[in-house]
Amino acid sequence: MPIEFIGMIGTRQISELDGPTVSITGGSIDAAYVRKFAKAHEDGGFDRVLVGYGSTGPDGLTVASFAAAATERLKFLIAHRPGFVAPTLFARKTATLDHFTNGRIAVHIITGGSDAEQQRDGDWLDHDTRYRRTDEYLDIVRRVWTSHTPFDYEGEFYRVKDAYSDVKPLQQPHIPLYFGGASGAAVPVGAKHSVCLRYVGRTDCGG
């Protein structure tokens with residue numbers, strides 16, 4: 001099984017050494033630093049960089065789009081928290097970006113373990129309920145990416161009629177999905193939808 005070397009890109013020059021209250025995924029944006037940091041990862045031979053997610057931080061799709069324009073080979077693992085963007089819209093956004101990056105993106109699903117983080121964005125569901133929502137969310141995203149005909153979906157959290165996207169991902173059959181989670185609610189959802197599942201200190205990647 002191939003091994004991937006994955007770094008992490010921030011939007012300003014910062015690290016954990018600057019103090020426990022400093023967030024790598026939050027704060028201001030230094031465009032020149034993002035460009036330089038992305039090129040450093042590419043020149044260093046990294047396969048991907050993780051573009052993190054935080055309830056107060058920059059938008060990951062935009063960060064990845066900018067960094068991809070400054071590189072040629074480096075791939076991007078974009079953290080995404082389901083529930084705040086409609087799954088049909090997210091599917092079209094990522095399919096579009098997949099073309100503009102020449103197939104260099106993957107999505108890292110982080111359902112969210114912190115109630116405080118979730119509530120900043122208006123989400124008041126409990127931990128296990130969030131994972132049920134993620135399951136439905138990814139059902140719809142993957143169908144939008146792959147379906148050649150409109151489809152209906154009715155679940156506990158989402159209901160769509162004649163959902164369809166003219167734009168399909170460049171990567172086939174769809175954009176790779178990675179998944180973070182260690183709880184009993186997380187592991188079955190991650191195993192169902194992702195190519196790589198991170199749990200309890202290890203990462204398993206399959207087909």
# chains A, B, ... in the order shown; residues from 1 in each chain; ligands from 1
>>> select_by_dssp(residues="segment 117-168 of chain A", states="strand (DSSP E)", output="ChimeraX atom specification")
/A:151-154,159-163
>>> write_last_selection(atoms="N, CA, C and O atoms", output="PDB file, in the first residue's frame")
ATOM      1  N   PHE A 151     -31.510  12.650  -9.071  1.00  0.00           N
ATOM      2  CA  PHE A 151     -31.976  11.698  -8.064  1.00  0.00           C
ATOM      3  C   PHE A 151     -32.673  12.438  -6.927  1.00  0.00           C
ATOM      4  O   PHE A 151     -32.448  13.621  -6.697  1.00  0.00           O
ATOM      5  N   ASP A 152     -33.533  11.705  -6.226  1.00  0.00           N
ATOM      6  CA  ASP A 152     -34.200  12.210  -5.029  1.00  0.00           C
ATOM      7  C   ASP A 152     -33.563  11.562  -3.805  1.00  0.00           C
ATOM      8  O   ASP A 152     -33.043  10.441  -3.875  1.00  0.00           O
ATOM      9  N   TYR A 153     -33.610  12.276  -2.705  1.00  0.00           N
ATOM     10  CA  TYR A 153     -33.095  11.732  -1.444  1.00  0.00           C
ATOM     11  C   TYR A 153     -33.931  12.292  -0.304  1.00  0.00           C
ATOM     12  O   TYR A 153     -34.188  13.500  -0.248  1.00  0.00           O
ATOM     13  N   GLU A 154     -34.334  11.421   0.589  1.00  0.00           N
ATOM     14  CA  GLU A 154     -35.080  11.858   1.760  1.00  0.00           C
ATOM     15  C   GLU A 154     -34.554  11.110   2.982  1.00  0.00           C
ATOM     16  O   GLU A 154     -34.658   9.891   3.061  1.00  0.00           O
ATOM     17  N   ARG A 159     -33.256  16.502   2.449  1.00  0.00           N
ATOM     18  CA  ARG A 159     -34.259  16.107   1.465  1.00  0.00           C
ATOM     19  C   ARG A 159     -34.005  16.903   0.198  1.00  0.00           C
ATOM     20  O   ARG A 159     -34.007  18.135   0.215  1.00  0.00           O
ATOM     21  N   VAL A 160     -33.741  16.208  -0.897  1.00  0.00           N
ATOM     22  CA  VAL A 160     -33.517  16.871  -2.183  1.00  0.00           C
ATOM     23  C   VAL A 160     -34.362  16.189  -3.252  1.00  0.00           C
ATOM     24  O   VAL A 160     -34.698  15.003  -3.138  1.00  0.00           O
ATOM     25  N   LYS A 161     -34.691  16.937  -4.275  1.00  0.00           N
ATOM     26  CA  LYS A 161     -35.467  16.398  -5.391  1.00  0.00           C
ATOM     27  C   LYS A 161     -34.786  16.775  -6.697  1.00  0.00           C
ATOM     28  O   LYS A 161     -34.415  17.928  -6.900  1.00  0.00           O
ATOM     29  N   ASP A 162     -34.581  15.790  -7.546  1.00  0.00           N
ATOM     30  CA  ASP A 162     -33.920  15.984  -8.845  1.00  0.00           C
ATOM     31  C   ASP A 162     -32.530  16.594  -8.680  1.00  0.00           C
ATOM     32  O   ASP A 162     -32.115  17.459  -9.471  1.00  0.00           O
ATOM     33  N   ALA A 163     -31.814  16.159  -7.664  1.00  0.00           N
ATOM     34  CA  ALA A 163     -30.446  16.663  -7.452  1.00  0.00           C
ATOM     35  C   ALA A 163     -29.540  16.180  -8.578  1.00  0.00           C
ATOM     36  O   ALA A 163     -29.581  15.004  -8.977  1.00  0.00           O
TER      37      ALA A 163
END
>>> residues_around(residues="segment 82-96 of chain A", least_positions_apart="5", cutoff="10 Å", atoms="only C-alpha atoms", output="PyMOL selection string")
chain A and resi 61+101+103+105-107+109-112+118+121-123+125+130-131+133-145+157-158+160+163-171+174-175
>>> select_by_dssp(residues="segment 57-158 of chain A", states="alpha helix (DSSP H)", output="JSON, numbers by chain")
{"A": [60, 61, 62, 63, 64, 65, 66, 67, 68, 69, 87, 88, 89, 90, 91, 92, 93, 94, 95, 96, 97, 98, 99, 100, 115, 116, 117, 118, 119, 120, 127, 128, 129, 130, 131, 132, 133, 134, 135, 136, 137, 138, 139, 140, 141, 142, 143, 144, 145, 146]}
>>> residues_around(residues="Val49 of chain A", least_positions_apart="3", cutoff="12 Å", atoms="only C-alpha atoms", output="PyMOL selection string")
chain A and resi 4-10+34+37-42+44-46+52+60+63-64+67-68+71+73-79+104-108
>>> closest_residue(among="A:Ser183, A:Ser114, A:Glu72, A:Tyr33", to="Asp47 of chain A", atoms="only C-alpha atoms")
A:Glu72
>>> atom_distance(atom1="atom CA of Leu177 of chain A", atom2="atom CA of Ala32 of chain A")
29.0 Å
>>> atom_distance(atom1="atom CA of Pro188 of chain A", atom2="atom CA of Gly54 of chain A")
24.3 Å
>>> atom_distance(atom1="atom CA of Gln119 of chain A", atom2="atom CA of Val51 of chain A")
21.5 Å
>>> decode(residues="segment 171-184 of chain A", atoms="all heavy atoms", output="PDB file, in the first residue's frame")
ATOM      1  N   GLN A 171     -11.204  13.728 -11.062  1.00  0.00           N
ATOM      2  CA  GLN A 171     -10.780  12.426 -10.543  1.00  0.00           C
ATOM      3  C   GLN A 171     -11.977  11.477 -10.560  1.00  0.00           C
ATOM      4  O   GLN A 171     -13.068  11.834 -10.153  1.00  0.00           O
ATOM      5  CB  GLN A 171     -10.252  12.558  -9.121  1.00  0.00           C
ATOM      6  CG  GLN A 171      -9.045  13.476  -9.005  1.00  0.00           C
ATOM      7  CD  GLN A 171      -8.604  13.650  -7.577  1.00  0.00           C
ATOM      8  OE1 GLN A 171      -7.874  12.821  -7.034  1.00  0.00           O
ATOM      9  NE2 GLN A 171      -9.034  14.745  -6.952  1.00  0.00           N
ATOM     10  N   GLN A 172     -11.733  10.278 -11.027  1.00  0.00           N
ATOM     11  CA  GLN A 172     -12.796   9.289 -11.120  1.00  0.00           C
ATOM     12  C   GLN A 172     -12.468   8.065 -10.261  1.00  0.00           C
ATOM     13  O   GLN A 172     -11.313   7.678 -10.153  1.00  0.00           O
ATOM     14  CB  GLN A 172     -12.998   8.889 -12.582  1.00  0.00           C
ATOM     15  CG  GLN A 172     -13.570  10.015 -13.438  1.00  0.00           C
ATOM     16  CD  GLN A 172     -14.981  10.373 -13.009  1.00  0.00           C
ATOM     17  OE1 GLN A 172     -15.820   9.496 -12.826  1.00  0.00           O
ATOM     18  NE2 GLN A 172     -15.241  11.668 -12.838  1.00  0.00           N
ATOM     19  N   PRO A 173     -13.485   7.456  -9.630  1.00  0.00           N
ATOM     20  CA  PRO A 173     -14.906   7.779  -9.782  1.00  0.00           C
ATOM     21  C   PRO A 173     -15.345   9.044  -9.050  1.00  0.00           C
ATOM     22  O   PRO A 173     -16.393   9.589  -9.350  1.00  0.00           O
ATOM     23  CB  PRO A 173     -15.602   6.553  -9.174  1.00  0.00           C
ATOM     24  CG  PRO A 173     -14.625   6.044  -8.162  1.00  0.00           C
ATOM     25  CD  PRO A 173     -13.272   6.284  -8.763  1.00  0.00           C
ATOM     26  N   HIS A 174     -14.537   9.496  -8.067  1.00  0.00           N
ATOM     27  CA  HIS A 174     -14.855  10.755  -7.394  1.00  0.00           C
ATOM     28  C   HIS A 174     -13.640  11.234  -6.623  1.00  0.00           C
ATOM     29  O   HIS A 174     -12.608  10.542  -6.525  1.00  0.00           O
ATOM     30  CB  HIS A 174     -16.076  10.610  -6.466  1.00  0.00           C
ATOM     31  CG  HIS A 174     -15.926   9.573  -5.394  1.00  0.00           C
ATOM     32  ND1 HIS A 174     -15.086   9.722  -4.307  1.00  0.00           N
ATOM     33  CD2 HIS A 174     -16.524   8.365  -5.237  1.00  0.00           C
ATOM     34  CE1 HIS A 174     -15.168   8.666  -3.521  1.00  0.00           C
ATOM     35  NE2 HIS A 174     -16.026   7.820  -4.057  1.00  0.00           N
ATOM     36  N   ILE A 175     -13.732  12.421  -6.074  1.00  0.00           N
ATOM     37  CA  ILE A 175     -12.657  13.004  -5.265  1.00  0.00           C
ATOM     38  C   ILE A 175     -12.408  12.116  -4.040  1.00  0.00           C
ATOM     39  O   ILE A 175     -13.366  11.687  -3.391  1.00  0.00           O
ATOM     40  CB  ILE A 175     -13.046  14.426  -4.831  1.00  0.00           C
ATOM     41  CG1 ILE A 175     -13.154  15.332  -6.058  1.00  0.00           C
ATOM     42  CG2 ILE A 175     -12.055  15.002  -3.823  1.00  0.00           C
ATOM     43  CD1 ILE A 175     -13.862  16.635  -5.794  1.00  0.00           C
ATOM     44  N   PRO A 176     -11.152  11.823  -3.690  1.00  0.00           N
ATOM     45  CA  PRO A 176     -10.887  10.982  -2.516  1.00  0.00           C
ATOM     46  C   PRO A 176     -11.412  11.616  -1.226  1.00  0.00           C
ATOM     47  O   PRO A 176     -11.304  12.828  -1.019  1.00  0.00           O
ATOM     48  CB  PRO A 176      -9.356  10.895  -2.490  1.00  0.00           C
ATOM     49  CG  PRO A 176      -8.927  11.186  -3.886  1.00  0.00           C
ATOM     50  CD  PRO A 176      -9.921  12.179  -4.409  1.00  0.00           C
ATOM     51  N   LEU A 177     -11.976  10.777  -0.373  1.00  0.00           N
ATOM     52  CA  LEU A 177     -12.487  11.199   0.916  1.00  0.00           C
ATOM     53  C   LEU A 177     -11.664  10.582   2.029  1.00  0.00           C
ATOM     54  O   LEU A 177     -11.497   9.354   2.085  1.00  0.00           O
ATOM     55  CB  LEU A 177     -13.960  10.782   1.078  1.00  0.00           C
ATOM     56  CG  LEU A 177     -14.998  11.545   0.273  1.00  0.00           C
ATOM     57  CD1 LEU A 177     -16.337  10.822   0.311  1.00  0.00           C
ATOM     58  CD2 LEU A 177     -15.147  12.964   0.811  1.00  0.00           C
ATOM     59  N   TYR A 178     -11.147  11.427   2.894  1.00  0.00           N
ATOM     60  CA  TYR A 178     -10.473  10.984   4.114  1.00  0.00           C
ATOM     61  C   TYR A 178     -11.424  11.285   5.277  1.00  0.00           C
ATOM     62  O   TYR A 178     -12.318  12.117   5.160  1.00  0.00           O
ATOM     63  CB  TYR A 178      -9.160  11.725   4.318  1.00  0.00           C
ATOM     64  CG  TYR A 178      -8.070  11.401   3.325  1.00  0.00           C
ATOM     65  CD1 TYR A 178      -8.258  11.580   1.949  1.00  0.00           C
ATOM     66  CD2 TYR A 178      -6.829  10.939   3.754  1.00  0.00           C
ATOM     67  CE1 TYR A 178      -7.243  11.296   1.045  1.00  0.00           C
ATOM     68  CE2 TYR A 178      -5.802  10.651   2.854  1.00  0.00           C
ATOM     69  CZ  TYR A 178      -6.030  10.832   1.494  1.00  0.00           C
ATOM     70  OH  TYR A 178      -5.026  10.543   0.608  1.00  0.00           O
ATOM     71  N   PHE A 179     -11.214  10.640   6.405  1.00  0.00           N
ATOM     72  CA  PHE A 179     -12.182  10.767   7.488  1.00  0.00           C
ATOM     73  C   PHE A 179     -11.466  10.690   8.825  1.00  0.00           C
ATOM     74  O   PHE A 179     -10.674   9.791   9.070  1.00  0.00           O
ATOM     75  CB  PHE A 179     -13.219   9.644   7.389  1.00  0.00           C
ATOM     76  CG  PHE A 179     -14.461   9.853   8.190  1.00  0.00           C
ATOM     77  CD1 PHE A 179     -15.603  10.377   7.618  1.00  0.00           C
ATOM     78  CD2 PHE A 179     -14.501   9.510   9.532  1.00  0.00           C
ATOM     79  CE1 PHE A 179     -16.770  10.555   8.339  1.00  0.00           C
ATOM     80  CE2 PHE A 179     -15.656   9.680  10.277  1.00  0.00           C
ATOM     81  CZ  PHE A 179     -16.792  10.213   9.688  1.00  0.00           C
ATOM     82  N   GLY A 180     -11.752  11.660   9.710  1.00  0.00           N
ATOM     83  CA  GLY A 180     -11.181  11.654  11.046  1.00  0.00           C
ATOM     84  C   GLY A 180     -12.235  11.316  12.081  1.00  0.00           C
ATOM     85  O   GLY A 180     -13.344  11.856  12.039  1.00  0.00           O
ATOM     86  N   GLY A 181     -11.918  10.420  13.011  1.00  0.00           N
ATOM     87  CA  GLY A 181     -12.861  10.094  14.069  1.00  0.00           C
ATOM     88  C   GLY A 181     -12.423   8.858  14.823  1.00  0.00           C
ATOM     89  O   GLY A 181     -11.876   7.927  14.225  1.00  0.00           O
ATOM     90  N   ALA A 182     -12.658   8.840  16.133  1.00  0.00           N
ATOM     91  CA  ALA A 182     -12.231   7.716  16.961  1.00  0.00           C
ATOM     92  C   ALA A 182     -13.370   7.112  17.772  1.00  0.00           C
ATOM     93  O   ALA A 182     -13.174   6.112  18.439  1.00  0.00           O
ATOM     94  CB  ALA A 182     -11.122   8.169  17.919  1.00  0.00           C
ATOM     95  N   SER A 183     -14.552   7.689  17.703  1.00  0.00           N
ATOM     96  CA  SER A 183     -15.660   7.239  18.547  1.00  0.00           C
ATOM     97  C   SER A 183     -16.415   6.089  17.890  1.00  0.00           C
ATOM     98  O   SER A 183     -16.261   5.796  16.702  1.00  0.00           O
ATOM     99  CB  SER A 183     -16.625   8.395  18.797  1.00  0.00           C
ATOM    100  OG  SER A 183     -17.291   8.764  17.602  1.00  0.00           O
ATOM    101  N   GLY A 184     -17.277   5.473  18.685  1.00  0.00           N
ATOM    102  CA  GLY A 184     -18.110   4.405  18.155  1.00  0.00           C
ATOM    103  C   GLY A 184     -19.049   4.883  17.073  1.00  0.00           C
ATOM    104  O   GLY A 184     -19.401   4.132  16.151  1.00  0.00           O
TER     105      GLY A 184
END
